[in-house]
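What follows is a set of notes on a single structure, which appears directly below.
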Amino acid sequence: MEFSLTPEQRAVQDAVGEICREYTDEYWLRRDREGGFPEQFYQEFAAGGWLGICIPEAFGGSGLGIAEAAVMMRTIAESGAGMSGASCLHINIFGLNPVVVYGSDEQRLRMLPPVVQGRTKACFAVTEPNTGLNTTQLKTRAVRRGDRYVVDGQKVWISTAQVADKILLLARTTPIEEAKSPTHGLSLFYTDLDRSRIRVSEIEKMGRKAVDSNELFIEGLEIPMEDRIGEEGRGFEYILDGMNPERILIAAEAVGLGHAALRRATGYAKERVVFNRQIGKNQAIQHPLAENWMELEAAWLMVCRAAWEYDSGQPCGASANAAKYLAGEAAFKACQQAVMTHGGFGYAREYHVERYLRESLIPRIAPVSPQLVLCFIAEKVLGLPKSY
């Protein structure tokens, strides 16, 4: 049992950290104020081959594992880029895994290299306004008409749709009442984001302004047969190959964000003098920060376990969900404590920790709520009856 990074993982950490050092806290503060996709940051990662870290070498990627990707995403968030820096790359790391696993050779050669090279941006469209996490109840329909499908419906909380060229879309091809099970009859497509048929409406939100979130209104979108991934009706099964990696990676990002906040809080506690002494001498300041460090490190160990299980081909659902839960909670607590440690200055944008606190809500809420993780562990791990 090893607890240190491998030489390859350390090389990833060092190389990614070097890129991130070019993008200061002031850069991310501007992105938070002004919005606008961090294109230069994105293209620098594309030029270094990092967008394809988990994509096989045969299709232009590096062929590394989710463990290496987790190191990369933690490093990005921990640099001060937070969720803004991590989210602009996020979909490229896990989102096209269903194409890698279930796509044909022709599809993989056609679809993957443009994403790896940064020539194409993709968005991931599953969630809908009235179904939330109940994916089997999706209302978006894809109706087969000859050699193509025609899609109508809505999607919500779709990141990067303002800048995306492609969309990975889950839609129902068999009405649920005709499907042999609720999870059957959903199909997965990777196709052009045709803005003449998809209206993209940005959602104003409290944080991560640099990476857009959107509602999509789809009307008469035509998708050629060759853009369907795998068999018709098995899309729900296919997206599971992206869901567990997504949980692992967002957990890694949360750990990085929490450590960024902790670094600022401890630095401030060493420098701030009140009543003729550093506030860091006070146990009321020390103890919560020490607790934050322990919780973040414990969450990181679960991230590493989940990534190892996934890369080893073992079931990782419990670990991936546990990692997401623990990291999301630990990051939120660390970011909140960083604001409180700064006192009134923690509320000021120039100290950055209020930005971290706003962004820390993302890995708490998405891609699955803390409550549903608890339900999953209770049912699947502890064997308790299903509660929902």
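Note on naming: chains are A, B, ... as they come in the structure tokens, residues start from 1 per chain, ligands start from 1 in the order shown.
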
- Can you tell me, as a count of residues only, what residues are no more than 12 Å from range 127-131 of chain A when counting only C-alpha atoms, ignoring any on the same chain fewer than 2 positions away? 32

- Message: Among range 56-137 of chain A, which residues does DSSP mark as strand (DSSP E) when it is run on the backbone? Keep the chain and numbering as in the structure and answer as a PyMOL selection string.
- Response: chain A and resi 122-125

- Item | Distance query Leu193 in chain A at most 8 Å, only C-alpha atoms, self and fewer than 5 positions along chain excluded, as a list of chain:residue names |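 Answer for this query is A:Ala164, A:Asp165, A:Lys166, A:Ile167, A:Ile198.
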
Those same residues - N, CA and C atoms - I'd like them written as a JSON list (two decimals), in the first residue's frame.
```json
[["chain", "number", "residue", "atom", "x", "y", "z"],
["A", 164, "ALA", "N", -19.30, 25.98, -26.56],
["A", 164, "ALA", "CA", -19.14, 24.61, -27.06],
["A", 164, "ALA", "C", -19.50, 24.50, -28.54],
["A", 165, "ASP", "N", -18.80, 23.59, -29.22],
["A", 165, "ASP", "CA", -19.10, 23.24, -30.62],
["A", 165, "ASP", "C", -19.90, 21.94, -30.70],
["A", 166, "LYS", "N", -19.72, 21.08, -29.69],
["A", 166, "LYS", "CA", -20.32, 19.76, -29.67],
["A", 166, "LYS", "C", -21.12, 19.56, -28.39],
["A", 167, "ILE", "N", -22.04, 18.61, -28.45],
["A", 167, "ILE", "CA", -22.86, 18.30, -27.29],
["A", 167, "ILE", "C", -22.96, 16.79, -27.12],
["A", 198, "ILE", "N", -30.87, 24.76, -31.27],
["A", 198, "ILE", "CA", -30.69, 24.76, -29.81],
["A", 198, "ILE", "C", -30.51, 26.20, -29.35]]
```

Each residue of range 280-306 of chain A lying at most 7 Å from range 310-333 of chain A should get a row with its shortest atom-to-atom pair and the distance in Å to one decimal, counting only C-alpha atoms; could you produce that, ordered by chain and increasing number, as CSV?
```
residue,atom,partner,partner_atom,distance
A:Asn292,CA,A:Ala330,CA,6.7
A:Glu295,CA,A:Ala330,CA,5.6
A:Leu296,CA,A:Ala330,CA,5.5
A:Ala299,CA,A:Ala327,CA,5.0
A:Met302,CA,A:Ala323,CA,5.1
A:Val303,CA,A:Ala323,CA,5.1
A:Arg305,CA,A:Ser319,CA,6.9
A:Ala306,CA,A:Ser319,CA,4.9
```

- Task: Measuring atom to atom with only C-alpha atoms, identify which of A:Glu8, A:Glu178, A:Asp32, A:Glu44 is nearest to Arg355 in chain A.
- Result: A:Asp32
